[in-house]
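Structure data follow from target18.csv (CSV, C-alpha atoms):
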```csv
chain,number,residue,atom,x,y,z
A,1,MET,CA,40.3,-75.0,-68.0
A,2,GLU,CA,42.8,-72.2,-68.4
A,3,LEU,CA,41.4,-68.7,-69.2
A,4,LEU,CA,41.6,-67.6,-72.8
A,5,SER,CA,41.4,-63.8,-73.4
A,6,VAL,CA,39.8,-62.9,-76.7
A,7,ILE,CA,40.6,-59.4,-77.8
A,8,VAL,CA,38.2,-57.7,-80.3
A,9,ALA,CA,39.4,-54.3,-81.6
A,10,ILE,CA,36.4,-52.3,-82.7
A,11,TYR,CA,36.0,-49.2,-84.8
A,12,ASN,CA,32.8,-48.4,-86.7
A,13,VAL,CA,31.8,-52.0,-87.5
A,14,GLU,CA,28.2,-51.8,-86.2
A,15,PRO,CA,26.6,-53.8,-89.0
A,16,TRP,CA,28.8,-56.8,-88.3
A,17,LEU,CA,29.6,-56.6,-84.6
A,18,ASP,CA,26.6,-58.6,-83.3
A,19,ARG,CA,27.5,-61.6,-85.5
A,20,CYS,CA,31.2,-61.3,-84.4
A,21,VAL,CA,30.6,-61.1,-80.6
A,22,ARG,CA,27.9,-63.8,-80.6
A,23,SER,CA,30.2,-66.2,-82.4
A,24,ILE,CA,32.7,-65.7,-79.5
A,25,LEU,CA,30.0,-66.0,-76.8
A,26,GLY,CA,28.9,-69.3,-78.5
A,27,GLN,CA,32.3,-71.0,-78.2
A,28,THR,CA,32.3,-74.5,-76.8
A,29,TYR,CA,35.4,-73.6,-74.8
A,30,GLY,CA,33.9,-72.1,-71.7
A,31,SER,CA,36.8,-70.4,-69.9
A,32,LEU,CA,36.8,-67.1,-71.8
A,33,GLU,CA,37.1,-63.5,-71.1
A,34,ILE,CA,36.1,-61.3,-74.1
A,35,LEU,CA,37.7,-57.9,-74.2
A,36,LEU,CA,35.8,-55.5,-76.5
A,37,VAL,CA,38.1,-52.6,-77.2
A,38,ASP,CA,36.0,-49.7,-78.6
A,39,ASP,CA,38.6,-47.5,-80.3
A,40,GLY,CA,36.6,-44.3,-80.3
A,41,SER,CA,33.8,-45.6,-82.6
A,42,THR,CA,31.4,-42.9,-83.9
A,43,ASP,CA,28.6,-45.3,-84.8
A,44,GLY,CA,26.5,-47.5,-82.5
A,45,CYS,CA,29.4,-49.8,-81.5
A,46,PRO,CA,30.0,-48.3,-78.0
A,47,ALA,CA,26.3,-48.9,-77.0
A,48,LEU,CA,26.4,-52.4,-78.5
A,49,CYS,CA,29.6,-53.2,-76.5
A,50,ASP,CA,28.0,-52.1,-73.3
A,51,ARG,CA,24.9,-54.1,-74.0
A,52,PHE,CA,27.0,-57.3,-74.5
A,53,ALA,CA,28.7,-56.6,-71.2
A,54,GLY,CA,25.4,-56.3,-69.5
A,55,GLU,CA,24.2,-59.6,-71.0
A,56,ASP,CA,27.3,-61.8,-70.2
A,57,PRO,CA,29.8,-61.5,-67.3
A,58,ARG,CA,32.6,-62.8,-69.5
A,59,VAL,CA,32.5,-59.6,-71.5
A,60,ARG,CA,34.6,-56.6,-70.5
A,61,VAL,CA,34.5,-53.3,-72.4
A,62,ILE,CA,37.3,-50.8,-72.9
A,63,HIS,CA,36.3,-47.4,-74.3
A,64,LYS,CA,39.2,-45.4,-75.5
A,65,LYS,CA,40.2,-42.5,-77.8
A,66,ASN,CA,40.8,-43.5,-81.4
A,67,GLY,CA,44.4,-44.7,-81.7
A,68,GLY,CA,44.1,-47.3,-84.5
A,69,LEU,CA,44.0,-51.0,-84.6
A,70,SER,CA,47.5,-51.6,-83.1
A,71,ASP,CA,46.7,-49.3,-80.2
A,72,ALA,CA,43.4,-51.0,-79.5
A,73,ARG,CA,44.9,-54.5,-79.6
A,74,ASN,CA,47.7,-53.3,-77.2
A,75,ALA,CA,45.1,-52.0,-74.8
A,76,GLY,CA,43.5,-55.4,-74.9
A,77,ILE,CA,46.8,-57.1,-74.2
A,78,GLU,CA,47.4,-54.9,-71.2
A,79,ALA,CA,44.0,-55.7,-69.7
A,80,ALA,CA,44.0,-59.4,-70.5
A,81,LYS,CA,44.1,-61.9,-67.6
A,82,GLY,CA,44.2,-65.1,-69.5
A,83,THR,CA,46.9,-67.8,-69.9
A,84,TRP,CA,46.1,-67.6,-73.6
A,85,ILE,CA,45.6,-64.7,-75.9
A,86,ALA,CA,43.6,-64.6,-79.2
A,87,PHE,CA,42.3,-61.8,-81.5
A,88,VAL,CA,39.2,-61.5,-83.6
A,89,ASP,CA,38.4,-58.6,-86.0
A,90,GLY,CA,35.1,-57.0,-85.4
A,91,ASP,CA,33.7,-57.6,-88.9
A,92,ASP,CA,34.6,-61.3,-89.0
A,93,TRP,CA,33.3,-64.3,-87.0
A,94,ILE,CA,34.4,-67.7,-85.8
A,95,ASP,CA,33.0,-71.2,-85.7
A,96,ALA,CA,31.8,-72.5,-82.4
A,97,GLY,CA,34.5,-75.1,-81.9
A,98,MET,CA,37.5,-73.0,-82.9
A,99,TYR,CA,39.0,-72.3,-79.5
A,100,GLN,CA,38.2,-75.7,-78.0
A,101,ALA,CA,40.1,-77.4,-80.9
A,102,MET,CA,43.0,-75.0,-80.7
A,103,ILE,CA,43.5,-75.2,-76.9
A,104,ASN,CA,43.2,-79.0,-77.1
A,105,ALA,CA,46.0,-79.0,-79.7
A,106,LEU,CA,48.1,-76.7,-77.7
A,107,LEU,CA,47.8,-78.8,-74.6
A,108,GLU,CA,48.2,-82.2,-76.4
A,109,GLU,CA,51.3,-81.0,-78.2
A,110,ASP,CA,52.7,-79.0,-75.3
A,111,ALA,CA,52.9,-76.0,-77.8
A,112,ASP,CA,53.3,-72.2,-77.3
A,113,LEU,CA,51.2,-71.2,-80.3
A,114,CYS,CA,48.5,-72.6,-82.5
A,115,ALA,CA,47.4,-71.3,-85.9
A,116,CYS,CA,44.5,-72.5,-87.9
A,117,SER,CA,43.3,-72.0,-91.5
A,118,TYR,CA,40.4,-69.8,-92.4
A,119,LYS,CA,37.5,-69.5,-94.8
A,120,GLN,CA,37.6,-66.6,-97.3
A,121,ILE,CA,34.2,-64.9,-97.3
A,122,ARG,CA,33.5,-63.1,-100.6
A,123,ARG,CA,30.4,-61.7,-102.1
A,124,ASP,CA,30.4,-64.5,-104.7
A,125,GLY,CA,30.9,-67.3,-102.3
A,126,VAL,CA,33.1,-69.0,-99.7
A,127,LYS,CA,36.5,-70.5,-100.3
A,128,ASP,CA,37.7,-73.3,-97.9
A,129,SER,CA,40.6,-75.5,-98.9
A,130,SER,CA,41.3,-77.0,-95.5
A,131,THR,CA,42.1,-80.7,-95.1
A,132,GLY,CA,41.8,-81.2,-91.3
A,133,LYS,CA,45.5,-82.1,-91.0
A,134,ARG,CA,47.5,-81.3,-87.9
A,135,THR,CA,51.2,-80.3,-88.2
A,136,VAL,CA,53.7,-79.7,-85.3
A,137,TRP,CA,57.0,-77.9,-85.6
A,138,GLU,CA,59.9,-77.6,-83.3
A,139,GLY,CA,61.8,-74.3,-82.6
A,140,GLN,CA,61.9,-71.9,-85.6
A,141,ASP,CA,60.7,-74.5,-88.1
A,142,MET,CA,57.2,-72.9,-88.0
A,143,LEU,CA,58.9,-69.5,-88.7
A,144,THR,CA,60.6,-71.1,-91.7
A,145,VAL,CA,57.4,-72.5,-93.1
A,146,PHE,CA,55.6,-69.1,-92.6
A,147,LEU,CA,58.4,-67.3,-94.5
A,148,LEU,CA,58.3,-69.9,-97.4
A,149,GLU,CA,54.6,-68.9,-97.9
A,150,GLN,CA,53.6,-72.5,-98.7
A,151,ASP,CA,50.0,-72.6,-99.9
A,152,GLU,CA,49.1,-75.7,-97.7
A,153,TYR,CA,49.9,-73.7,-94.5
A,154,GLN,CA,47.7,-70.6,-94.0
A,155,ILE,CA,49.9,-69.3,-91.1
A,156,GLN,CA,49.8,-65.8,-92.5
A,157,ASN,CA,50.9,-62.5,-90.9
A,158,ALA,CA,47.4,-62.1,-89.3
A,159,ALA,CA,46.9,-62.1,-85.6
A,160,TRP,CA,43.3,-63.4,-85.7
A,161,ASN,CA,43.9,-67.1,-86.7
A,162,LYS,CA,46.2,-67.9,-83.8
A,163,VAL,CA,46.1,-68.6,-80.1
A,164,TYR,CA,49.2,-67.6,-78.2
A,165,LYS,CA,50.6,-68.4,-74.8
A,166,ARG,CA,50.4,-65.1,-72.9
A,167,GLU,CA,54.0,-65.3,-71.6
A,168,LEU,CA,55.2,-65.6,-75.1
A,169,LEU,CA,54.4,-62.0,-75.8
A,170,GLY,CA,56.5,-60.5,-73.1
A,171,GLU,CA,57.1,-56.9,-74.0
A,172,LEU,CA,56.1,-57.5,-77.6
A,173,ARG,CA,53.3,-55.1,-78.8
A,174,PHE,CA,51.8,-54.0,-82.1
A,175,PRO,CA,53.4,-50.8,-83.7
A,176,LYS,CA,51.1,-47.9,-82.9
A,177,GLY,CA,49.9,-45.7,-85.7
A,178,ARG,CA,50.9,-48.0,-88.6
A,179,LEU,CA,49.0,-50.2,-91.0
A,180,TYR,CA,50.2,-53.8,-91.7
A,181,GLU,CA,50.8,-54.0,-88.0
A,182,ASP,CA,50.9,-57.9,-88.1
A,183,ILE,CA,53.9,-58.2,-90.3
A,184,VAL,CA,56.7,-57.7,-87.8
A,185,PHE,CA,54.7,-58.7,-84.8
A,186,THR,CA,54.0,-62.2,-86.1
A,187,THR,CA,57.6,-62.7,-87.3
A,188,LYS,CA,59.0,-61.9,-83.9
A,189,LEU,CA,56.4,-64.1,-82.2
A,190,LEU,CA,57.1,-67.1,-84.3
A,191,SER,CA,60.9,-66.7,-83.7
A,192,ARG,CA,60.2,-67.2,-79.9
A,193,ILE,CA,58.2,-70.4,-79.8
A,194,ARG,CA,59.6,-73.7,-78.6
A,195,ARG,CA,56.9,-75.7,-80.4
A,196,GLY,CA,54.1,-74.6,-82.7
A,197,VAL,CA,51.1,-76.4,-84.1
A,198,TYR,CA,49.0,-75.8,-87.1
A,199,LEU,CA,45.4,-77.0,-87.6
A,200,ASP,CA,44.3,-77.1,-91.2
A,201,GLN,CA,40.7,-76.5,-90.2
A,202,ALA,CA,39.0,-73.3,-91.3
A,203,PHE,CA,37.5,-72.1,-88.1
A,204,TYR,CA,37.9,-68.4,-88.8
A,205,ASN,CA,35.6,-66.6,-91.2
A,206,TYR,CA,37.5,-63.8,-92.9
A,207,VAL,CA,35.5,-61.3,-94.8
A,208,ILE,CA,37.7,-60.2,-97.7
A,209,ASP,CA,35.7,-57.8,-99.9
A,210,ARG,CA,33.5,-55.8,-97.5
A,211,ASP,CA,33.1,-52.2,-98.6
A,212,GLY,CA,35.5,-49.9,-96.7
A,213,SER,CA,37.7,-52.8,-95.6
A,214,ILE,CA,41.4,-52.0,-95.4
A,215,MET,CA,42.0,-55.2,-97.4
A,216,ASN,CA,39.7,-54.0,-100.2
A,217,ARG,CA,41.5,-50.8,-101.2
A,218,GLY,CA,44.0,-52.0,-103.8
A,219,ILE,CA,47.4,-50.5,-104.2
A,220,ARG,CA,47.5,-47.3,-102.1
A,221,LYS,CA,50.0,-45.0,-100.7
A,222,SER,CA,50.1,-47.1,-97.4
A,223,ILE,CA,51.8,-49.9,-99.3
A,224,PHE,CA,54.8,-47.6,-99.6
A,225,THR,CA,54.5,-45.7,-96.3
A,226,ASP,CA,53.6,-48.7,-94.0
A,227,GLN,CA,53.8,-52.1,-95.7
A,228,ILE,CA,57.2,-51.9,-97.4
A,229,PRO,CA,58.9,-50.4,-94.3
A,230,ALA,CA,57.4,-53.2,-92.3
A,231,TYR,CA,58.8,-55.8,-94.8
A,232,GLU,CA,62.2,-54.1,-94.5
A,233,GLU,CA,62.0,-54.1,-90.7
A,234,LYS,CA,61.1,-57.8,-90.8
A,235,GLU,CA,64.2,-58.6,-92.9
A,236,ALA,CA,66.4,-56.6,-90.5
A,237,PHE,CA,65.0,-58.5,-87.5
A,238,LEU,CA,65.7,-61.9,-89.2
A,239,ARG,CA,69.3,-60.8,-89.8
A,240,GLU,CA,69.6,-59.5,-86.3
A,241,ILE,CA,68.7,-63.0,-84.9
A,242,GLY,CA,71.2,-64.7,-87.1
A,243,ARG,CA,68.8,-66.0,-89.7
A,244,ASP,CA,70.3,-64.6,-92.9
A,245,ASP,CA,69.0,-67.7,-94.7
A,246,LEU,CA,65.4,-66.8,-93.8
A,247,ALA,CA,66.1,-63.1,-94.5
A,248,ASP,CA,67.0,-64.0,-98.1
A,249,VAL,CA,63.8,-66.1,-98.4
A,250,HIS,CA,61.8,-63.1,-97.2
A,251,ARG,CA,63.7,-60.8,-99.7
A,252,TYR,CA,62.8,-63.2,-102.5
A,253,PHE,CA,59.1,-62.9,-101.8
A,254,PHE,CA,59.5,-59.2,-101.3
A,255,TYR,CA,60.9,-58.9,-104.9
A,256,LYS,CA,58.0,-61.0,-106.2
A,257,ARG,CA,55.6,-58.6,-104.5
A,258,LEU,CA,57.3,-55.5,-105.9
A,259,LEU,CA,56.9,-56.8,-109.5
A,260,ILE,CA,53.2,-57.5,-108.8
A,261,TYR,CA,52.8,-54.0,-107.4
A,262,TYR,CA,54.5,-52.6,-110.4
A,263,ARG,CA,52.2,-54.3,-112.9
A,264,THR,CA,49.1,-53.4,-110.9
A,265,LEU,CA,50.1,-49.8,-110.6
A,266,TYR,CA,51.1,-49.4,-114.2
A,267,ALA,CA,47.6,-50.6,-115.3
A,268,SER,CA,45.8,-48.5,-112.6
A,269,LYS,CA,44.4,-45.0,-112.5
A,270,GLU,CA,46.3,-44.3,-109.2
A,271,PRO,CA,47.3,-40.6,-109.4
A,272,ASP,CA,50.8,-41.3,-108.2
A,273,ARG,CA,51.3,-44.5,-110.1
A,274,ARG,CA,54.3,-43.1,-112.1
A,275,LYS,CA,56.1,-42.0,-109.0
A,276,TYR,CA,55.5,-45.4,-107.3
A,277,CYS,CA,56.5,-47.4,-110.5
A,278,ALA,CA,59.7,-45.3,-110.7
A,279,TRP,CA,60.4,-46.0,-107.0
A,280,ILE,CA,60.0,-49.8,-107.6
A,281,ARG,CA,62.4,-49.7,-110.6
A,282,GLU,CA,65.0,-47.8,-108.6
A,283,ARG,CA,64.6,-50.0,-105.5
A,284,LEU,CA,65.1,-53.2,-107.5
A,285,LYS,CA,68.0,-51.7,-109.5
A,286,ARG,CA,69.7,-50.8,-106.3
A,287,ASP,CA,69.6,-54.5,-105.2
A,288,GLU,CA,70.8,-55.9,-108.5
A,289,GLY,CA,74.1,-57.0,-107.1
A,290,GLU,CA,72.4,-59.1,-104.5
A,291,MET,CA,69.9,-60.8,-106.8
A,292,GLU,CA,72.1,-63.9,-107.6
A,293,ARG,CA,72.3,-64.7,-103.9
A,294,VAL,CA,68.7,-64.1,-103.1
A,295,TYR,CA,67.3,-66.1,-106.0
A,296,ALA,CA,69.5,-69.1,-104.9
A,297,CYS,CA,67.7,-69.2,-101.5
A,298,ARG,CA,65.4,-72.1,-100.4
A,299,GLY,CA,62.1,-72.1,-102.2
A,300,ALA,CA,63.1,-69.6,-104.9
A,301,SER,CA,62.2,-70.1,-108.6
A,302,ARG,CA,64.7,-69.6,-111.3
A,303,ASN,CA,61.8,-68.6,-113.6
A,304,GLU,CA,61.2,-65.7,-111.2
A,305,TYR,CA,64.8,-64.7,-111.6
A,306,LYS,CA,64.4,-64.7,-115.4
A,307,LYS,CA,61.4,-62.3,-115.0
A,308,MET,CA,63.5,-60.1,-112.7
A,309,LYS,CA,66.4,-60.0,-115.2
A,310,ILE,CA,64.0,-58.9,-118.0
A,311,PHE,CA,62.6,-56.2,-115.7
A,312,LEU,CA,66.0,-54.9,-114.8
A,313,ARG,CA,67.0,-54.8,-118.5
A,314,SER,CA,63.8,-53.0,-119.5
A,315,ALA,CA,60.5,-52.5,-117.7
A,316,ALA,CA,58.7,-52.1,-121.1
A,317,LEU,CA,60.1,-55.5,-122.3
A,318,TYR,CA,59.0,-57.1,-119.0
A,319,ARG,CA,55.4,-55.8,-119.4
A,320,MET,CA,55.4,-57.0,-123.0
A,321,SER,CA,56.7,-60.5,-122.1
A,322,MET,CA,54.2,-60.9,-119.3
A,323,TRP,CA,51.4,-59.8,-121.6
A,324,ILE,CA,52.4,-62.4,-124.2
A,325,ASN,CA,52.7,-65.1,-121.6
A,326,GLU,CA,49.3,-64.4,-120.0
A,327,ARG,CA,47.3,-63.7,-123.2
A,328,LEU,CA,48.9,-66.1,-125.6
A,329,LEU,CA,51.1,-68.8,-124.1
A,330,LEU,CA,49.1,-69.7,-120.9
A,331,PRO,CA,45.8,-70.2,-122.8
A,332,VAL,CA,47.5,-72.6,-125.2
A,333,LYS,CA,49.1,-74.5,-122.3
A,334,THR,CA,45.8,-74.7,-120.5
A,335,ARG,CA,43.9,-76.0,-123.6
A,336,GLY,CA,46.7,-78.6,-124.0
A,337,ARG,CA,46.1,-80.0,-120.5
A,338,LYS,CA,42.4,-80.6,-121.1
```
Whole structure given in structure tokens:
Amino acid sequence: MELLSVIVAIYNVEPWLDRCVRSILGQTYGSLEILLVDDGSTDGCPALCDRFAGEDPRVRVIHKKNGGLSDARNAGIEAAKGTWIAFVDGDDWIDAGMYQAMINALLEEDADLCACSYKQIRRDGVKDSSTGKRTVWEGQDMLTVFLLEQDEYQIQNAAWNKVYKRELLGELRFPKGRLYEDIVFTTKLLSRIRRGVYLDQAFYNYVIDRDGSIMNRGIRKSIFTDQIPAYEEKEAFLREIGRDDLADVHRYFFYKRLLIYYRTLYASKEPDRRKYCAWIRERLKRDEGEMERVYACRGASRNEYKKMKIFLRSAALYRMSMWINERLLLPVKTRGRK
């Protein structure tokens, strides 16, 4: 059994850490090393980490100055000894058979990377739409499916629902000091694989609406300072490797996101919402000459292009048309289907 290094970046997640680590210790795949990277936590996490190391020889602890999630994960990569690498967030947990199933799939399919689906853990319940299906892709086909954002494949930007061959990483590391660190990392990783496999089995338990979670903070300044620059870097990388077709697919979904951000911001109480809404209008206006090409890409919807044309003509008209569609037209259509 080849060694799997599981890296857990930890910062002030004391209430959830025991559940997380014990779910890794309880894996049916026995050849594990568990790297608990304490990123300068100021709560009880450092002591908890040391306690786990004292209880189980598979646990190694790295205590370091706070440098952010990327820096903590990178420290774990540098210390890892395994043939395979995986990540778990300190406030989530995993099912007992996760790594056994993923390693088996990797070996059976002679693959470099395996991704699985996940359960969305919310306060009002658990969402799991997995089917148990296994899918294998050659070369950059997995990258293509990832960029097309097809609902049936929860490949996602996330590092935590994947197992990677250690040699696949090479010099690749997470960008230190930036949020949305997975966006470019995962794109580059998927561009390198010879064969990838996807298990539509929800082994990972992803907590979506925990208080204080980065993913529970709505539209914030970091969308514009970190996420959007990461999306632009992602597109530049795709063009750099000669995949202009996929770069246009990515741009199409980027435009969709900008329209969602615009409507969310416009209806919010965010102090800088006017500034950000103006930035979105200017950014999309700047790209107007490229819209025809982008909206002709694989997977694009002409209906989305119609929405964009309305927005470019008049943001106020766009808001009104979306209101009419959602408040008046959609309810009528929904009643008609019943």
Do you know which residues are at most 9 Å from region 68-78 of chain A counting only C-alpha atoms, after dropping those on the same chain fewer than 2 positions away, and could you put them as a PDB file with C-alpha atoms, in the frame of the given file?
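File produced: result-v1.pdb:
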```pdb
ATOM      1  CA  SER A   5      41.400 -63.800 -73.400  1.00  0.00           C
ATOM      2  CA  VAL A   6      39.800 -62.900 -76.700  1.00  0.00           C
ATOM      3  CA  ILE A   7      40.600 -59.400 -77.800  1.00  0.00           C
ATOM      4  CA  VAL A   8      38.200 -57.700 -80.300  1.00  0.00           C
ATOM      5  CA  ALA A   9      39.400 -54.300 -81.600  1.00  0.00           C
ATOM      6  CA  ILE A  10      36.400 -52.300 -82.700  1.00  0.00           C
ATOM      7  CA  TYR A  11      36.000 -49.200 -84.800  1.00  0.00           C
ATOM      8  CA  LEU A  35      37.700 -57.900 -74.200  1.00  0.00           C
ATOM      9  CA  LEU A  36      35.800 -55.500 -76.500  1.00  0.00           C
ATOM     10  CA  VAL A  37      38.100 -52.600 -77.200  1.00  0.00           C
ATOM     11  CA  ASP A  38      36.000 -49.700 -78.600  1.00  0.00           C
ATOM     12  CA  ASP A  39      38.600 -47.500 -80.300  1.00  0.00           C
ATOM     13  CA  ILE A  62      37.300 -50.800 -72.900  1.00  0.00           C
ATOM     14  CA  LYS A  64      39.200 -45.400 -75.500  1.00  0.00           C
ATOM     15  CA  ASN A  66      40.800 -43.500 -81.400  1.00  0.00           C
ATOM     16  CA  ALA A  80      44.000 -59.400 -70.500  1.00  0.00           C
ATOM     17  CA  LYS A  81      44.100 -61.900 -67.600  1.00  0.00           C
ATOM     18  CA  ILE A  85      45.600 -64.700 -75.900  1.00  0.00           C
ATOM     19  CA  PHE A  87      42.300 -61.800 -81.500  1.00  0.00           C
ATOM     20  CA  ARG A 166      50.400 -65.100 -72.900  1.00  0.00           C
ATOM     21  CA  ARG A 173      53.300 -55.100 -78.800  1.00  0.00           C
ATOM     22  CA  PHE A 174      51.800 -54.000 -82.100  1.00  0.00           C
ATOM     23  CA  PRO A 175      53.400 -50.800 -83.700  1.00  0.00           C
ATOM     24  CA  LYS A 176      51.100 -47.900 -82.900  1.00  0.00           C
ATOM     25  CA  GLY A 177      49.900 -45.700 -85.700  1.00  0.00           C
ATOM     26  CA  ARG A 178      50.900 -48.000 -88.600  1.00  0.00           C
ATOM     27  CA  LEU A 179      49.000 -50.200 -91.000  1.00  0.00           C
ATOM     28  CA  GLU A 181      50.800 -54.000 -88.000  1.00  0.00           C
ATOM     29  CA  ASP A 182      50.900 -57.900 -88.100  1.00  0.00           C
TER      30      ASP A 182
END
```
Which polymer residues have any atom within 12 Å of an atom of Asn157 (chain A), counting all atoms listed in the file, with same-chain residues fewer than 6 positions away left out, as a compact mmCIF listing (two decimals) with C-alpha atoms, in the frame of the given file?
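Below you can see around_20.txt, which holds the result:
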```
# COMPACT_ATOMS: atom_id res chain seq x y z
CA ALA A 115 47.40 -71.30 -85.90
CA LEU A 143 58.90 -69.50 -88.70
CA PHE A 146 55.60 -69.10 -92.60
CA LEU A 147 58.40 -67.30 -94.50
CA GLU A 149 54.60 -68.90 -97.90
CA TYR A 180 50.20 -53.80 -91.70
CA GLU A 181 50.80 -54.00 -88.00
CA ASP A 182 50.90 -57.90 -88.10
CA ILE A 183 53.90 -58.20 -90.30
CA VAL A 184 56.70 -57.70 -87.80
CA PHE A 185 54.70 -58.70 -84.80
CA THR A 186 54.00 -62.20 -86.10
CA THR A 187 57.60 -62.70 -87.30
CA LYS A 188 59.00 -61.90 -83.90
CA LEU A 189 56.40 -64.10 -82.20
CA LEU A 190 57.10 -67.10 -84.30
CA GLN A 227 53.80 -52.10 -95.70
CA ALA A 230 57.40 -53.20 -92.30
CA TYR A 231 58.80 -55.80 -94.80
CA LYS A 234 61.10 -57.80 -90.80
```
Would you kindly return, as number ranges by chain, each protein, DNA or RNA residue with an atom no farther than 12 Å from any atom of Arg257 (chain A), considering only C-alpha atoms and excluding same-chain residues fewer than 2 positions away?
A: 219, 223, 227-228, 231, 250-255, 259-264, 280, 284, 304, 308
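Those residues that approach Glu270 (chain A) to within 10 Å, counting all atoms listed in the file, are Gly218, Ile219, Arg220, Lys221, Thr264, Leu265 and Tyr276 of chain A; same-chain residues fewer than 5 positions away are not listed.
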Any chance you can output those residues with C-alpha atoms as a PDB file, keeping the file's coordinate frame?
```pdb
ATOM      1  CA  GLY A 218      44.000 -52.000-103.800  1.00  0.00           C
ATOM      2  CA  ILE A 219      47.400 -50.500-104.200  1.00  0.00           C
ATOM      3  CA  ARG A 220      47.500 -47.300-102.100  1.00  0.00           C
ATOM      4  CA  LYS A 221      50.000 -45.000-100.700  1.00  0.00           C
ATOM      5  CA  THR A 264      49.100 -53.400-110.900  1.00  0.00           C
ATOM      6  CA  LEU A 265      50.100 -49.800-110.600  1.00  0.00           C
ATOM      7  CA  TYR A 276      55.500 -45.400-107.300  1.00  0.00           C
TER       8      TYR A 276
END
```
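Distance check against Arg58 (chain A) using all atoms listed in the file: of A:Phe224, A:Met291, A:Thr83, A:Leu3, the minimum falls on A:Leu3.
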Give me the residues within 9 Å of region 18-27 of chain A as a compact mmCIF listing (two decimals) with C-alpha atoms, in the coordinates of the input, counting all atoms listed in the file and dropping any in the same chain fewer than 3 places off.
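The result, stored in result24.txt:
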```
# COMPACT_ATOMS: atom_id res chain seq x y z
CA VAL A 6 39.80 -62.90 -76.70
CA VAL A 8 38.20 -57.70 -80.30
CA GLU A 14 28.20 -51.80 -86.20
CA PRO A 15 26.60 -53.80 -89.00
CA GLY A 30 33.90 -72.10 -71.70
CA LEU A 32 36.80 -67.10 -71.80
CA ILE A 34 36.10 -61.30 -74.10
CA LEU A 36 35.80 -55.50 -76.50
CA LEU A 48 26.40 -52.40 -78.50
CA CYS A 49 29.60 -53.20 -76.50
CA PHE A 52 27.00 -57.30 -74.50
CA ASP A 56 27.30 -61.80 -70.20
CA ARG A 58 32.60 -62.80 -69.50
CA VAL A 59 32.50 -59.60 -71.50
CA VAL A 88 39.20 -61.50 -83.60
CA ASP A 89 38.40 -58.60 -86.00
CA GLY A 90 35.10 -57.00 -85.40
CA ASP A 91 33.70 -57.60 -88.90
CA ASP A 92 34.60 -61.30 -89.00
CA TRP A 93 33.30 -64.30 -87.00
CA ILE A 94 34.40 -67.70 -85.80
CA ASP A 95 33.00 -71.20 -85.70
CA ALA A 96 31.80 -72.50 -82.40
CA GLY A 97 34.50 -75.10 -81.90
CA MET A 98 37.50 -73.00 -82.90
CA TYR A 99 39.00 -72.30 -79.50
CA GLN A 100 38.20 -75.70 -78.00
```
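Closest approach to Ala247 (chain A) among A:Cys297, A:Ala158, A:Ile310, A:Leu106 is made by A:Cys297 (distances from all atoms listed in the file).
Note that the spacing between CA of Val294 (chain A) and CA of Val249 (chain A) amounts to 7.1 Å.
Candidate residues A:Asp209, A:Glu282, A:Asp50, A:Asp248 were compared for distance to Gln120 (chain A), and the nearest is A:Asp209, using all atoms listed in the file.
When CA of Gly170 (chain A) is paired with CA of Ser41 (chain A), their separation reads 28.8 Å.
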Point (40.2, -66.9, -93.0) neighbourhood (6 Å, all atoms listed in the file) written as a compact mmCIF listing (two decimals) with C-alpha atoms, in the frame of the given file:
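This went into point-v4.txt:
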```
# COMPACT_ATOMS: atom_id res chain seq x y z
CA TYR A 118 40.40 -69.80 -92.40
CA LYS A 119 37.50 -69.50 -94.80
CA GLN A 120 37.60 -66.60 -97.30
CA TYR A 204 37.90 -68.40 -88.80
CA ASN A 205 35.60 -66.60 -91.20
CA TYR A 206 37.50 -63.80 -92.90
```
How many Å separate CA of Ile103 (chain A) from CA of Leu4 (chain A)?
8.8 Å
Using all atoms listed in the file for the distances, tell me which of A:Tyr153, A:Trp137, A:Tyr164, A:Tyr305 is nearest to Arg194 (chain A).
A:Trp137
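Residue nearest Trp16 (chain A), chosen from A:Pro271, A:Gly44, A:Gly82, A:Gly139 and counting all atoms listed in the file: A:Gly44.
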Kindly indicate which residue among A:Ala236, A:Val126, A:Met1, A:Cys114 lies nearest to Val163 (chain A), using all atoms listed in the file for the distances.
A:Cys114
